[in-house]
Structures are given as C-alpha cells and as structure tokens.
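For reference, the structure is listed below as structure tokens.
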Amino acid sequence: MIEQAGTYSFAGRTVKRLGYGAMQLAGPGVFGPPRDHDQALAVLRAALDAGVDHIDTSDFYGPHVTNRLIREALAPYPDDLLIVTKIGARRGDDASWLPAFEPDNLARAVEDNLRNLGLTSLPVVNLRLMFDVHGPAEGSLAAPLKALADLQRQGLVEHIGLSNVTPAQFEEARGIAPIVCVQNQYNLAHRADDDFIDTLAAEGVAYVPFFPLGGFSPLQSTALSDVAARLDATPMQVALAWLLRRSPNILLIPGTSSPAHLQENLAAAALSLPEAAVAELDAIGR
C-alpha cells in the first residue's frame, strides 16, 4: 500500500516516502515508559510488515525508551531499514527539553544511540538545534556540527542531517559537512518553510517534517474536515496526502502508539486529492 506514495533517494538509499516516527511510543510528554509495552512492540512490527523502511527516533525520547523498544521489536534489523536518530538535546528530571551541544554531550549521545539501538554505526544522525526549543532561531552551528563531523570521520555516524534549522544555518552547515536531510516543523497550517522546501528539493536534499499532523496540538480546520468528508477519508489522512503532494523531497514520519491509527496513517499513500481539494487545503496555511 505505501508504495503508492513513491520513493526518494535518501542517505545513499531509496526509501519509501511514508515512514514512521517513534516519538509517541514513550510515555506521556515523551517521558518515561510506554503505557502499553507490548502494544508499542506490536506497532513497530506492524510498521515493518506494512512495508515501512524509514523509522525516526532519538535517545532523548523517554529518554532511552524508544530506541530500546526498537531494538527489542526489530533487531536484527532488515538490511533495507533506515533508522534515523537525532542528538543535540537532553531531558531534565522534570521532563524539560534542554540543549546538549557540547562535544562531550554529542559524543555521549551517539554512544547512547549506538548502545540502545544495538548498532555499530548510526545510518543518519540529525543535529537538533536548540537556540529556541520552540522553533528555528539564528545562531552558528559550526562548533557542534564540527564535533558531529568528527564522529562521522570515526565511523560512528554515516550521514548527517539537521533539525530545527533556518536556511542560513543550512548554508553554513554545507560548508562543514554534507547534509542529507532537514527535519523541521511543517504541516498544512504551519507553512514557514515553503520556500526552504523548494530550495532543498532543487538540491536533492530530503525534507522530513516533524509534527506533520500538528504534534501536541492536532490539526483542526473546517476546510480540512470538509475535504475529508467528501473524500471518505479522515482529516489526518488528507493532511498526510497533501504533504506527499506538496513536494517530491518530503518524507513523512507520522507517529502513533496505536496499531489501528498506524494503518490509517499509512493508507494516506493511496489517497488522491482532486485539484479543487488541493486549492482549499492550500488556503489553510495562508
């Protein structure tokens, strides 16, 4: 089913454009263990059974929760599975999200990801900038990116991506190391990266929107609901289908802890949006 969403060249591989994000497998607020351990394992296995070959995670989800679940559910990993993780943040005892940019922080984060995933090298590591926890903010990423590039030279990291970044930071990063993806917030209602996505598409760089369905504040729109009703689909399926149509370099990683919701999300690959519906949906972000 998800083959209908197409594929894209990412980190030296060809991956399906509809993947899975593991963040919601952790406890409430992405902190602590899952509510249902067995169901978390079942969701991961169902994703692979459905053809997913791109899973997004981080060792600061939990912390250490989602990676250990991925290893328990899926190791030894299929050769075609691309696991993408991120570093640059840590969790406080109060579940806060804190910067962790220093070279020793980054090295420790890579070691944690390797150990908890059971890997000898990480296929893709996104450097998550934390100049502003709520969104991209300017500031030089040279020091942390050089530290990550050193870990790449050591063979611990294969490819580097960026998360929560501005176009200027992306350009700075390209002068330090090859960048294979950008992971920023983007969805029907949050369209700040429209021009950035087009620039990356022209460069052949993958764009992986986080919170494609709104994240902690799910998308709500009368226009979205109306389009979904006409197409006999859910609003979230329509929102995902719109993203797939938006640009060929967009790779989706919607997350869920529910097997049924997983199947609903993946069914968006088969949803075709009429031009009139696209025009209505485009207007939401304006």
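If you're wondering about the labels, chains in the structure tokens are A, B, ... by order shown, residues count from 1 in each chain, ligands from 1 in order shown.
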
Within 6 Å of stretch 260-273 of chain A, counting only C-alpha atoms, which residues qualify if same-chain residues fewer than 2 places away don't, as a PDB file with C-alpha atoms, in the first residue's frame?
ATOM      1  CA  ILE A   2       2.624   2.586   0.983  1.00  0.00           C
ATOM      2  CA  GLN A   4       1.831   4.274  -3.851  1.00  0.00           C
ATOM      3  CA  ALA A   5       3.423   7.235  -2.069  1.00  0.00           C
ATOM      4  CA  GLN A 237      -5.161  11.111   6.018  1.00  0.00           C
ATOM      5  CA  ALA A 241      -1.750  13.161   1.404  1.00  0.00           C
ATOM      6  CA  SER A 258      -1.924   2.606  18.121  1.00  0.00           C
TER       7      SER A 258
END

At a cut-off of 6 Å, using only C-alpha atoms, what residues contact A:Val84? Leave out same-chain residues fewer than 5 positions from it and give the result as a short mmCIF file (atom, residue, chain, number, x, y, z; two decimals) with N, CA and C atoms, in the first residue's frame.
data_model
loop_
_atom_site.label_atom_id
_atom_site.label_comp_id
_atom_site.auth_asym_id
_atom_site.auth_seq_id
_atom_site.Cartn_x
_atom_site.Cartn_y
_atom_site.Cartn_z
N ASP A 56 12.13 7.03 12.35
CA ASP A 56 12.76 8.17 13.00
C ASP A 56 12.66 8.01 14.51
N VAL A 124 21.92 7.66 9.94
CA VAL A 124 21.72 9.10 9.82
C VAL A 124 21.54 9.69 11.21
N VAL A 125 22.26 10.76 11.49
CA VAL A 125 22.10 11.48 12.76
C VAL A 125 21.75 12.93 12.44
#

Problem set entry | stretch 208-210 of chain A environment, 7 Å, only C-alpha atoms, sequence neighbours closer than 6 positions dropped, as a list in words |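 Skipping anything fewer than 6 positions along the chain leaves Val182, Gln183, Asn184, Gln185, Tyr186, Ile250, Leu251 and Leu252 of chain A.
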
Could the residues in this selection be written to a file with N, CA, C and O atoms, as a PDB file, in the first residue's frame?
ATOM      1  N   VAL A 182      16.834  17.724   6.131  1.00  0.00           N
ATOM      2  CA  VAL A 182      16.413  18.745   7.097  1.00  0.00           C
ATOM      3  C   VAL A 182      15.112  18.270   7.714  1.00  0.00           C
ATOM      4  O   VAL A 182      14.202  17.820   7.008  1.00  0.00           O
ATOM      5  N   GLN A 183      15.034  18.376   9.039  1.00  0.00           N
ATOM      6  CA  GLN A 183      13.826  17.968   9.756  1.00  0.00           C
ATOM      7  C   GLN A 183      13.322  19.158  10.570  1.00  0.00           C
ATOM      8  O   GLN A 183      13.878  19.492  11.615  1.00  0.00           O
ATOM      9  N   ASN A 184      12.290  19.818  10.062  1.00  0.00           N
ATOM     10  CA  ASN A 184      11.683  20.979  10.710  1.00  0.00           C
ATOM     11  C   ASN A 184      10.185  20.758  10.860  1.00  0.00           C
ATOM     12  O   ASN A 184       9.605  19.868  10.227  1.00  0.00           O
ATOM     13  N   GLN A 185       9.554  21.627  11.644  1.00  0.00           N
ATOM     14  CA  GLN A 185       8.103  21.554  11.755  1.00  0.00           C
ATOM     15  C   GLN A 185       7.464  22.102  10.484  1.00  0.00           C
ATOM     16  O   GLN A 185       7.799  23.196  10.023  1.00  0.00           O
ATOM     17  N   TYR A 186       6.540  21.318   9.938  1.00  0.00           N
ATOM     18  CA  TYR A 186       5.818  21.751   8.734  1.00  0.00           C
ATOM     19  C   TYR A 186       4.571  20.902   8.603  1.00  0.00           C
ATOM     20  O   TYR A 186       4.598  19.681   8.785  1.00  0.00           O
ATOM     21  N   ILE A 250       9.692  15.517   0.181  1.00  0.00           N
ATOM     22  CA  ILE A 250       9.114  15.381   1.516  1.00  0.00           C
ATOM     23  C   ILE A 250       8.940  13.904   1.861  1.00  0.00           C
ATOM     24  O   ILE A 250       8.295  13.152   1.129  1.00  0.00           O
ATOM     25  N   LEU A 251       9.532  13.514   2.980  1.00  0.00           N
ATOM     26  CA  LEU A 251       9.403  12.160   3.523  1.00  0.00           C
ATOM     27  C   LEU A 251       8.636  12.261   4.831  1.00  0.00           C
ATOM     28  O   LEU A 251       8.983  13.083   5.695  1.00  0.00           O
ATOM     29  N   LEU A 252       7.614  11.445   4.995  1.00  0.00           N
ATOM     30  CA  LEU A 252       6.732  11.563   6.156  1.00  0.00           C
ATOM     31  C   LEU A 252       7.058  10.526   7.224  1.00  0.00           C
ATOM     32  O   LEU A 252       7.360   9.375   6.916  1.00  0.00           O
TER      33      LEU A 252
END

For this session: Would you please give, as an MDAnalysis selection string, all residues of stretch 69-231 of chain A that DSSP assigns to alpha helix (DSSP H) based on the backbone?
Result: chainID A and resid 69:74 103:117 142:153 167:174 194:203 222:231

For this session: Pick out the residues sitting within 10 Å of A:Thr222, and hand them over as a list in words; count only C-alpha atoms, and ignore anything fewer than 6 positions along from it in its own chain.
Result: Ala228, Pro235 and Ile284 of chain A

Please produce a file of the residues just selected, as an mmCIF file, in the first residue's frame, where the atoms kept are all heavy atoms.
data_model
loop_
_atom_site.group_PDB
_atom_site.id
_atom_site.type_symbol
_atom_site.label_atom_id
_atom_site.label_comp_id
_atom_site.auth_asym_id
_atom_site.auth_seq_id
_atom_site.Cartn_x
_atom_site.Cartn_y
_atom_site.Cartn_z
ATOM 1 N N ALA A 228 -12.070 16.056 3.819
ATOM 2 C CA ALA A 228 -12.001 14.658 4.244
ATOM 3 C C ALA A 228 -13.353 13.971 4.093
ATOM 4 O O ALA A 228 -13.431 12.831 3.619
ATOM 5 C CB ALA A 228 -11.515 14.583 5.692
ATOM 6 N N PRO A 235 -9.496 13.386 8.395
ATOM 7 C CA PRO A 235 -8.727 14.628 8.218
ATOM 8 C C PRO A 235 -7.224 14.392 8.240
ATOM 9 O O PRO A 235 -6.473 15.017 7.484
ATOM 10 C CB PRO A 235 -9.184 15.495 9.390
ATOM 11 C CG PRO A 235 -10.580 15.023 9.673
ATOM 12 C CD PRO A 235 -10.537 13.535 9.446
ATOM 13 N N ILE A 284 -5.484 26.948 3.797
ATOM 14 C CA ILE A 284 -5.430 26.858 5.264
ATOM 15 C C ILE A 284 -4.164 27.516 5.800
ATOM 16 O O ILE A 284 -4.208 28.243 6.791
ATOM 17 C CB ILE A 284 -5.484 25.381 5.700
ATOM 18 C CG1 ILE A 284 -6.849 24.778 5.355
ATOM 19 C CG2 ILE A 284 -5.210 25.233 7.203
ATOM 20 C CD1 ILE A 284 -6.945 23.274 5.590
#

For this session: Would you mind telling me which residue in A:Leu18, A:Ser257, A:Ala279, A:Leu82 lies nearest to A:Arg35 when using only C-alpha atoms?
Result: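 Using only C-alpha atoms, A:Arg35 sits closest to A:Ser257.
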
Seminar exercise, completed: The residue from A:Ile253, A:Ala109, A:Ala173, A:Leu119 with the smallest atom-to-atom distance to A:Ala142, counting only C-alpha atoms, is A:Ala173

Exercise. Quick one: DSSP strand (DSSP E or B) residues in stretch 96-252 of chain A, as a PyMOL selection string?
Worked result: chain A and resi 97-99+122-128+157-163+179-183+185+206-207+210+250+252

Exercise. A:Gly285, A:Gly214, A:Pro259, A:Pro167: which is nearest A:Ala46, counting only C-alpha atoms?
Worked result: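 The closest residue to A:Ala46 is A:Pro259.
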
For this session: Write out as a list in words the residues lying within 8 Å of A:Met236, counting only C-alpha atoms and excluding same-chain residues fewer than 2 positions away.
Result: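 Counting only the stated atoms, we get Leu213, Leu219, Thr234, Val238, Ala239, Leu240 and Asn265 of chain A.
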
Keeping all heavy atoms for every residue in the selection just given, could you write it to a file as an mmCIF file, in the first residue's frame?
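And here is the file that came out, part_13.cif:
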data_model
loop_
_atom_site.group_PDB
_atom_site.id
_atom_site.type_symbol
_atom_site.label_atom_id
_atom_site.label_comp_id
_atom_site.auth_asym_id
_atom_site.auth_seq_id
_atom_site.Cartn_x
_atom_site.Cartn_y
_atom_site.Cartn_z
ATOM 1 N N LEU A 213 1.073 16.165 11.551
ATOM 2 C CA LEU A 213 -0.355 16.205 11.888
ATOM 3 C C LEU A 213 -0.636 17.192 13.017
ATOM 4 O O LEU A 213 -1.685 17.148 13.639
ATOM 5 C CB LEU A 213 -0.833 14.799 12.277
ATOM 6 C CG LEU A 213 -0.657 13.737 11.189
ATOM 7 C CD1 LEU A 213 -1.085 12.364 11.693
ATOM 8 C CD2 LEU A 213 -1.439 14.118 9.941
ATOM 9 N N LEU A 219 -4.064 19.088 14.166
ATOM 10 C CA LEU A 219 -4.660 19.994 13.193
ATOM 11 C C LEU A 219 -6.180 20.000 13.309
ATOM 12 O O LEU A 219 -6.807 18.943 13.388
ATOM 13 C CB LEU A 219 -4.274 19.567 11.781
ATOM 14 C CG LEU A 219 -2.796 19.661 11.410
ATOM 15 C CD1 LEU A 219 -2.567 19.031 10.045
ATOM 16 C CD2 LEU A 219 -2.328 21.110 11.413
ATOM 17 N N THR A 234 -10.151 10.309 6.588
ATOM 18 C CA THR A 234 -10.036 11.060 7.839
ATOM 19 C C THR A 234 -9.284 12.357 7.567
ATOM 20 O O THR A 234 -8.490 12.446 6.608
ATOM 21 C CB THR A 234 -9.268 10.256 8.905
ATOM 22 O OG1 THR A 234 -7.885 10.166 8.511
ATOM 23 C CG2 THR A 234 -9.862 8.869 9.089
ATOM 24 N N VAL A 238 -5.983 13.100 4.925
ATOM 25 C CA VAL A 238 -5.936 14.179 3.946
ATOM 26 C C VAL A 238 -4.711 15.054 4.182
ATOM 27 O O VAL A 238 -4.014 15.458 3.236
ATOM 28 C CB VAL A 238 -7.222 15.014 4.000
ATOM 29 C CG1 VAL A 238 -7.100 16.275 3.139
ATOM 30 C CG2 VAL A 238 -8.415 14.183 3.534
ATOM 31 N N ALA A 239 -4.412 15.366 5.446
ATOM 32 C CA ALA A 239 -3.254 16.200 5.766
ATOM 33 C C ALA A 239 -1.958 15.532 5.313
ATOM 34 O O ALA A 239 -1.046 16.196 4.798
ATOM 35 C CB ALA A 239 -3.215 16.475 7.260
ATOM 36 N N LEU A 240 -1.859 14.217 5.482
ATOM 37 C CA LEU A 240 -0.671 13.496 5.035
ATOM 38 C C LEU A 240 -0.601 13.444 3.508
ATOM 39 O O LEU A 240 0.480 13.616 2.922
ATOM 40 C CB LEU A 240 -0.665 12.087 5.616
ATOM 41 C CG LEU A 240 -0.480 11.983 7.132
ATOM 42 C CD1 LEU A 240 -0.668 10.540 7.593
ATOM 43 C CD2 LEU A 240 0.882 12.502 7.568
ATOM 44 N N ASN A 265 -2.860 5.999 9.051
ATOM 45 C CA ASN A 265 -1.835 6.902 8.523
ATOM 46 C C ASN A 265 -1.250 6.372 7.220
ATOM 47 O O ASN A 265 -1.101 7.114 6.239
ATOM 48 C CB ASN A 265 -0.715 7.085 9.545
ATOM 49 C CG ASN A 265 -1.108 7.949 10.729
ATOM 50 O OD1 ASN A 265 -2.072 8.703 10.673
ATOM 51 N ND2 ASN A 265 -0.357 7.840 11.803
#

Exercise. Do you know which residues are at most 7 Å from A:Tyr8 counting only C-alpha atoms, after dropping those on the same chain fewer than 3 positions away, and could you put them as a count of residues only?
Worked result: 5

Exercise. Taking only C-alpha atoms into account, which of A:Arg115, A:Arg174, A:Arg246, A:Arg286 comes nearest A:Arg68?
Worked result: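 Closest candidate: A:Arg115.
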
Problem set entry | 9 Å contact set for A:Pro34, only C-alpha atoms, chain neighbours under 2 positions out, as a ChimeraX atom specification | /A:24-28,30-32,36-37,39-40,62,65-66,257

Only C-alpha atoms, please: the residues just picked out, written as a CSV table (one decimal), in the first residue's frame.
chain,number,residue,atom,x,y,z
A,24,GLN,CA,4.9,8.7,20.6
A,25,LEU,CA,6.0,5.2,21.9
A,26,ALA,CA,7.4,6.8,25.0
A,27,GLY,CA,5.2,7.8,27.9
A,28,PRO,CA,3.1,11.0,28.3
A,30,VAL,CA,7.6,11.8,25.5
A,31,PHE,CA,8.9,10.9,29.0
A,32,GLY,CA,9.1,7.6,30.7
A,36,ASP,CA,1.5,-0.5,27.0
A,37,HIS,CA,4.8,-2.1,26.3
A,39,GLN,CA,1.4,-2.7,22.1
A,40,ALA,CA,4.5,-0.5,21.4
A,62,GLY,CA,12.0,8.7,27.1
A,65,VAL,CA,12.8,4.4,25.8
A,66,THR,CA,12.1,4.4,22.1
A,257,SER,CA,1.2,4.2,19.6

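Separating atom CA of A:Asp195 from atom CA of A:Gly6 is a distance of 22.4 Å.
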